[in-house]
$ cat protein-v4.txt   # compact mmCIF, C-alpha atoms
# COMPACT_ATOMS: atom_id res chain seq x y z
CA ASN A 1491 0.00 0.00 0.00
CA ALA A 1492 2.39 2.71 -1.27
CA GLY A 1493 0.09 5.79 -1.08
CA VAL A 1494 2.03 8.80 -2.40
CA THR A 1495 5.57 8.14 -3.61
CA GLN A 1496 8.12 10.87 -4.26
CA THR A 1497 11.50 10.63 -5.92
CA PRO A 1498 14.25 11.47 -5.28
CA LYS A 1499 14.47 11.68 -1.48
CA PHE A 1500 17.53 13.94 -1.54
CA GLN A 1501 19.09 16.13 -4.21
CA VAL A 1502 21.89 18.67 -4.38
CA LEU A 1503 21.97 21.06 -7.33
CA LYS A 1504 24.21 23.88 -8.39
CA THR A 1505 22.66 27.25 -9.19
CA GLY A 1506 21.25 27.21 -12.71
CA GLN A 1507 20.82 23.45 -12.98
CA SER A 1508 17.44 21.95 -13.73
CA MET A 1509 15.66 18.94 -12.32
CA THR A 1510 12.26 17.29 -12.07
CA LEU A 1511 10.71 15.99 -8.88
CA GLN A 1512 8.45 13.01 -9.47
CA CYS A 1513 5.28 12.14 -7.61
CA ALA A 1514 2.88 9.23 -8.06
CA GLN A 1515 -0.15 8.12 -6.09
CA ASP A 1516 -1.97 4.81 -6.19
CA MET A 1517 -5.16 5.86 -4.37
CA ASN A 1518 -7.04 6.94 -7.52
CA HIS A 1519 -7.26 10.49 -6.18
CA ASN A 1520 -8.36 13.28 -8.47
CA SER A 1521 -6.39 16.17 -6.95
CA MET A 1522 -2.66 16.45 -6.48
CA TYR A 1523 -0.49 19.17 -4.91
CA TRP A 1524 3.08 20.36 -4.53
CA TYR A 1525 4.12 22.15 -1.33
CA ARG A 1526 7.39 23.46 -0.03
CA GLN A 1527 8.27 23.70 3.65
CA ASP A 1528 10.85 26.11 5.00
CA PRO A 1529 11.81 26.72 8.64
CA GLY A 1530 9.49 29.27 10.20
CA MET A 1531 7.32 29.50 7.07
CA GLY A 1532 5.09 26.48 7.30
CA LEU A 1533 3.86 24.62 4.23
CA ARG A 1534 3.21 26.76 1.17
CA LEU A 1535 1.40 25.64 -1.95
CA ILE A 1536 3.41 25.83 -5.18
CA TYR A 1537 0.99 24.33 -7.72
CA TYR A 1538 -1.98 22.02 -7.65
CA SER A 1539 -3.98 19.95 -10.08
CA ALA A 1540 -7.68 19.63 -9.29
CA SER A 1541 -8.09 16.85 -11.83
CA GLU A 1542 -6.28 15.19 -14.69
CA GLY A 1543 -5.60 17.76 -17.41
CA THR A 1544 -5.72 20.86 -15.19
CA THR A 1545 -3.09 22.71 -13.20
CA ASP A 1546 -3.24 25.96 -11.23
CA LYS A 1547 -0.78 28.20 -9.44
CA GLY A 1548 -0.62 28.28 -5.72
CA GLU A 1549 0.95 30.76 -3.35
CA VAL A 1550 4.59 30.51 -4.52
CA PRO A 1551 4.71 29.32 -8.18
CA ASN A 1552 7.59 31.45 -9.46
CA GLY A 1553 10.53 29.39 -10.68
CA TYR A 1554 8.51 26.19 -11.01
CA ASN A 1555 6.51 24.35 -13.64
CA VAL A 1556 4.30 21.31 -13.27
CA SER A 1557 2.89 18.54 -15.43
CA ARG A 1558 -0.06 16.33 -14.62
CA LEU A 1559 1.08 13.43 -16.72
CA ASN A 1560 -1.96 11.27 -15.99
CA LYS A 1561 -4.26 10.67 -13.04
CA ARG A 1562 -1.46 9.03 -11.02
CA GLU A 1563 1.50 11.30 -11.69
CA PHE A 1564 2.23 14.97 -11.02
CA SER A 1565 5.75 16.27 -11.57
CA LEU A 1566 7.43 19.51 -10.45
CA ARG A 1567 10.21 21.01 -12.54
CA LEU A 1568 12.82 23.56 -11.60
CA GLU A 1569 14.17 24.99 -14.85
CA SER A 1570 17.02 27.03 -13.36
CA ALA A 1571 17.56 26.29 -9.69
CA ALA A 1572 18.30 29.12 -7.27
CA PRO A 1573 19.54 28.97 -3.65
CA SER A 1574 16.13 30.34 -2.56
CA GLN A 1575 14.64 27.05 -3.76
CA THR A 1576 16.52 25.11 -1.10
CA SER A 1577 13.65 23.50 0.78
CA VAL A 1578 11.78 20.33 1.57
CA TYR A 1579 9.20 19.55 -1.11
CA PHE A 1580 6.09 17.52 -0.40
CA CYS A 1581 3.65 16.08 -2.89
CA ALA A 1582 0.12 15.35 -1.72
CA SER A 1583 -3.12 13.99 -3.11
CA ARG A 1584 -6.74 13.90 -2.07
CA GLU A 1585 -10.16 12.83 -3.20
CA VAL A 1586 -12.92 15.36 -3.80
CA GLY A 1587 -15.20 16.88 -1.18
CA ASP A 1588 -14.06 17.30 2.42
CA SER A 1589 -11.31 14.70 2.25
CA PRO A 1590 -7.88 15.44 3.72
CA LEU A 1591 -4.48 15.58 2.04
CA HIS A 1592 -2.22 12.55 1.96
CA PHE A 1593 1.48 13.35 1.75
CA GLY A 1594 4.50 11.69 0.25
CA ASN A 1595 7.76 11.31 2.19
CA GLY A 1596 9.26 14.52 0.81
CA THR A 1597 12.30 15.54 -1.22
CA ARG A 1598 15.10 17.45 0.47
CA LEU A 1599 16.62 19.80 -2.09
CA THR A 1600 19.73 21.88 -1.58
CA VAL A 1601 20.81 24.44 -4.18
CA THR A 1602 24.36 25.71 -3.80
CA ARG B 1403 -2.46 38.85 10.52
CA LYS B 1404 -1.72 35.31 9.31
CA GLU B 1405 -4.61 33.36 7.85
CA VAL B 1406 -4.15 30.51 10.33
CA GLU B 1407 -2.52 31.11 13.70
CA GLN B 1408 -1.56 28.64 16.39
CA ASP B 1409 -0.13 28.69 19.89
CA PRO B 1410 3.57 29.47 19.43
CA GLY B 1411 4.84 26.70 21.71
CA PRO B 1412 6.86 24.71 22.39
CA PHE B 1413 4.85 22.80 24.94
CA ASN B 1414 6.88 20.63 27.31
CA VAL B 1415 4.65 18.36 29.38
CA PRO B 1416 5.19 15.26 31.53
CA GLU B 1417 3.85 11.88 30.49
CA GLY B 1418 0.22 11.49 31.44
CA ALA B 1419 -0.56 15.19 31.23
CA THR B 1420 -3.45 16.73 29.35
CA VAL B 1421 -2.49 19.35 26.80
CA ALA B 1422 -4.61 21.64 24.64
CA PHE B 1423 -3.68 23.36 21.41
CA ASN B 1424 -5.52 26.35 19.98
CA CYS B 1425 -5.89 27.54 16.42
CA THR B 1426 -7.68 30.55 14.93
CA TYR B 1427 -8.44 31.23 11.27
CA SER B 1428 -9.35 34.47 9.56
CA ASN B 1429 -11.29 33.35 6.47
CA SER B 1430 -14.94 32.92 7.36
CA ALA B 1431 -15.46 30.99 4.09
CA SER B 1432 -13.25 28.16 5.32
CA GLN B 1433 -15.11 24.89 5.05
CA SER B 1434 -12.95 21.97 6.13
CA PHE B 1435 -10.65 21.66 9.11
CA PHE B 1436 -7.98 19.17 10.08
CA TRP B 1437 -5.26 18.47 12.59
CA TYR B 1438 -2.04 16.94 11.29
CA ARG B 1439 1.03 15.82 13.18
CA GLN B 1440 4.51 16.12 11.79
CA ASP B 1441 7.51 14.32 13.22
CA CYS B 1442 10.94 15.86 12.79
CA ARG B 1443 12.01 15.77 9.12
CA LYS B 1444 9.01 13.67 8.13
CA GLU B 1445 5.83 14.32 6.15
CA PRO B 1446 2.66 15.65 7.81
CA LYS B 1447 0.23 12.87 8.70
CA LEU B 1448 -3.48 13.30 9.27
CA LEU B 1449 -4.38 13.09 12.94
CA MET B 1450 -8.08 13.85 12.61
CA SER B 1451 -10.65 15.85 10.71
CA VAL B 1452 -12.60 18.40 12.75
CA TYR B 1453 -16.39 18.44 12.55
CA SER B 1454 -18.81 21.12 13.67
CA SER B 1455 -20.20 18.95 16.45
CA GLY B 1456 -16.76 18.12 17.76
CA ASN B 1457 -15.22 14.68 17.53
CA GLU B 1458 -13.08 12.31 19.51
CA ASP B 1459 -10.58 9.63 18.54
CA GLY B 1460 -9.23 7.78 21.54
CA ARG B 1461 -7.19 10.23 23.60
CA PHE B 1462 -7.67 13.04 21.09
CA THR B 1463 -10.62 15.45 21.01
CA ALA B 1464 -11.13 18.19 18.42
CA GLN B 1465 -13.55 21.09 18.67
CA LEU B 1466 -14.66 23.69 16.14
CA ASN B 1467 -16.31 27.02 16.87
CA ARG B 1468 -17.31 28.60 13.56
CA ALA B 1469 -18.67 31.76 15.15
CA SER B 1470 -15.34 32.49 16.82
CA GLN B 1471 -13.32 30.91 13.97
CA TYR B 1472 -11.48 28.78 16.46
CA ILE B 1473 -10.32 25.15 16.50
CA SER B 1474 -8.86 23.21 19.38
CA LEU B 1475 -7.14 19.89 19.95
CA LEU B 1476 -7.04 18.19 23.34
CA ILE B 1477 -4.66 15.33 24.06
CA ARG B 1478 -5.32 13.35 27.22
CA ASP B 1479 -2.88 11.03 28.99
CA SER B 1480 0.08 12.18 26.88
CA LYS B 1481 2.55 9.54 25.68
CA LEU B 1482 6.19 9.96 24.74
CA SER B 1483 5.16 9.05 21.19
CA ASP B 1484 2.89 12.12 21.03
CA SER B 1485 5.99 14.33 20.79
CA ALA B 1486 5.68 16.05 17.41
CA THR B 1487 4.61 19.29 15.79
CA TYR B 1488 0.84 19.69 15.45
CA LEU B 1489 -0.44 21.54 12.42
CA CYS B 1490 -3.84 23.18 12.16
CA VAL B 1491 -5.11 23.09 8.57
CA VAL B 1492 -8.14 24.82 7.02
CA THR B 1493 -9.44 25.08 3.50
CA ARG B 1494 -9.38 28.53 1.98
CA ASP B 1495 -12.56 28.44 -0.02
CA ASN B 1496 -15.81 26.65 -0.61
CA TYR B 1497 -14.23 24.34 -3.16
CA GLY B 1498 -11.70 22.91 -0.73
CA GLN B 1499 -8.87 23.06 -3.21
CA ASN B 1500 -6.66 25.36 -1.24
CA PHE B 1501 -5.46 24.16 2.11
CA VAL B 1502 -3.83 26.65 4.45
CA PHE B 1503 -1.42 25.37 7.06
CA GLY B 1504 -0.77 26.97 10.40
CA PRO B 1505 2.85 27.32 11.53
CA GLY B 1506 2.49 24.42 13.95
CA THR B 1507 2.91 23.95 17.68
CA ARG B 1508 5.68 21.70 18.90
CA LEU B 1509 4.96 19.28 21.72
CA SER B 1510 7.56 17.47 23.76
CA VAL B 1511 6.29 14.85 26.18
CA LEU B 1512 8.88 14.23 28.86
CA PRO B 1513 9.41 11.02 30.87
$ encode --input "protein-v4.txt" --output "structure tokens"
Amino acid sequence: NAGVTQTPKFQVLKTGQSMTLQCAQDMNHNSMYWYRQDPGMGLRLIYYSASEGTTDKGEVPNGYNVSRLNKREFSLRLESAAPSQTSVYFCASREVGDSPLHFGNGTRLTVT
Amino acid sequence: RKEVEQDPGPFNVPEGATVAFNCTYSNSASQSFFWYRQDCRKEPKLLMSVYSSGNEDGRFTAQLNRASQYISLLIRDSKLSDSATYLCVVTRDNYGQNFVFGPGTRLSVLP
């Protein structure tokens, strides 16, 4: 029972490099989300996808792009990494209605 | 004012103690409410949803006061394993697509 799976778990990038964070869920959820968590800032929404084929910006979308590849997968891309993007990134999914978010294990990203 | 505010903490309590966490939210359109716990360097995990009538799950009791825009979490008979950060979470709008997280309150249960 995997739930929400994120890869990689850890990543170190140099400024200007690009990378894609992968997320997949096996709960047949419609909605998927990308958050970042920084000390003292709490969790902040980067992008979300209410359903397959749609994506919307969240609170802090600058510097990121997303792709909802299919119902299971939602990827987050950093085209040109900056030190300000050093953070822990969490993917989450949920069903419709009042259902809660289910989180993946997170990706710890350091940009030097 | 932040959209979701919580007790600043940390709370250091002995095993067996009862501890209460408070949370206030500013958006009166908020529809859904949750408490999550987050262990150090781990992902947030759902502790319980919060319903208008209040609800209980074992040692945990959650209350919601929509008029005052206030949510609470009560933990009875604290265990060492309850040590974590507790996050208050509300939805931002009627569609429930935007979840807003409080900054969290850290709890340490001491032997």
$ atom_distance --input "protein-v4.txt" --atom1 "atom CA of Arg1468 of chain B" --atom2 "atom CA of Val1586 of chain A"
22.3 Å
$ closest_residue --input "protein-v4.txt" --among "A:Gly1543, A:Pro1529, A:Glu1585, A:Ala1572" --to "Cys1442 of chain B" --atoms "all atoms listed in the file"
A:Pro1529
$ interface_residues --input "protein-v4.txt" --of "chain A" --to "chain B" --cutoff "12 Å" --atoms "only C-alpha atoms" --output "PyMOL selection string"
chain A and resi 1494-1496+1499+1520-1541+1545-1549+1577-1598
$ atom_distance --input "protein-v4.txt" --atom1 "atom CA of Thr1600 of chain A" --atom2 "atom CA of Ala1571 of chain A"
9.5 Å
$ axis_aligned_box --input "protein-v4.txt" --around "segment 1548-1560 of chain A" --padding-each-side "4 Å" --output "AutoDock Vina command-line options"
--center_x 4.3 --center_y 21.4 --center_z -10.0 --size_x 20.5 --size_y 28.2 --size_z 21.4
$ residues_around --input "protein-v4.txt" --residues "Ser1428 of chain B" --least-positions-apart "4" --cutoff "9 Å" --atoms "all atoms listed in the file" --output "PyMOL selection string"
chain B and resi 1403-1407+1432+1471
$ atom_distance --input "protein-v4.txt" --atom1 "atom CA of Gln1440 of chain B" --atom2 "atom CA of Arg1562 of chain A"
24.6 Å
$ residues_around --input "protein-v4.txt" --residues "Arg1478 of chain B" --least-positions-apart "2" --cutoff "12 Å" --atoms "only C-alpha atoms" --output "PyMOL selection string"
chain B and resi 1415-1423+1458-1464+1475-1476+1480-1481+1484+1511
$ closest_residue --input "protein-v4.txt" --among "B:Tyr1427, B:Ile1473, B:Asn1467, B:Gly1456" --to "Arg1494 of chain B" --atoms "all atoms listed in the file"
B:Tyr1427
$ residues_near_point --input "protein-v4.txt" --point "(-0.6, 2.3, -2.6)" --cutoff "10 Å" --atoms "all atoms listed in the file" --output "list in words"
Asn1491, Ala1492, Gly1493, Val1494, Thr1495, Ala1514, Gln1515, Asp1516, Met1517 and Asn1518 of chain A
$ write_last_selection --input "protein-v4.txt" --atoms "C-alpha atoms" --output "compact mmCIF listing (two decimals), keeping the file's coordinate frame"
# COMPACT_ATOMS: atom_id res chain seq x y z
CA ASN A 1491 0.00 0.00 0.00
CA ALA A 1492 2.39 2.71 -1.27
CA GLY A 1493 0.09 5.79 -1.08
CA VAL A 1494 2.03 8.80 -2.40
CA THR A 1495 5.57 8.14 -3.61
CA ALA A 1514 2.88 9.23 -8.06
CA GLN A 1515 -0.15 8.12 -6.09
CA ASP A 1516 -1.97 4.81 -6.19
CA MET A 1517 -5.16 5.86 -4.37
CA ASN A 1518 -7.04 6.94 -7.52
$ residues_near_point --input "protein-v4.txt" --point "(10.6, 11.6, -5.6)" --cutoff "6 Å" --atoms "only C-alpha atoms" --output "JSON, numbers by chain"
{"A": [1496, 1497, 1498, 1499, 1511, 1512, 1513]}
$ residues_around --input "protein-v4.txt" --residues "Gln1507 of chain A" --least-positions-apart "3" --cutoff "7 Å" --atoms "all atoms listed in the file" --output "JSON list (two decimals) with C-alpha atoms, keeping the file's coordinate frame"
[["chain", "number", "residue", "atom", "x", "y", "z"],
["A", 1503, "LEU", "CA", 21.97, 21.06, -7.33],
["A", 1504, "LYS", "CA", 24.21, 23.88, -8.39],
["A", 1570, "SER", "CA", 17.02, 27.03, -13.36],
["A", 1571, "ALA", "CA", 17.56, 26.29, -9.69]]
$ closest_residue --input "protein-v4.txt" --among "A:Asn1560, A:Met1509, A:Val1550, A:Thr1602" --to "Pro1573 of chain A" --atoms "all atoms listed in the file"
A:Thr1602
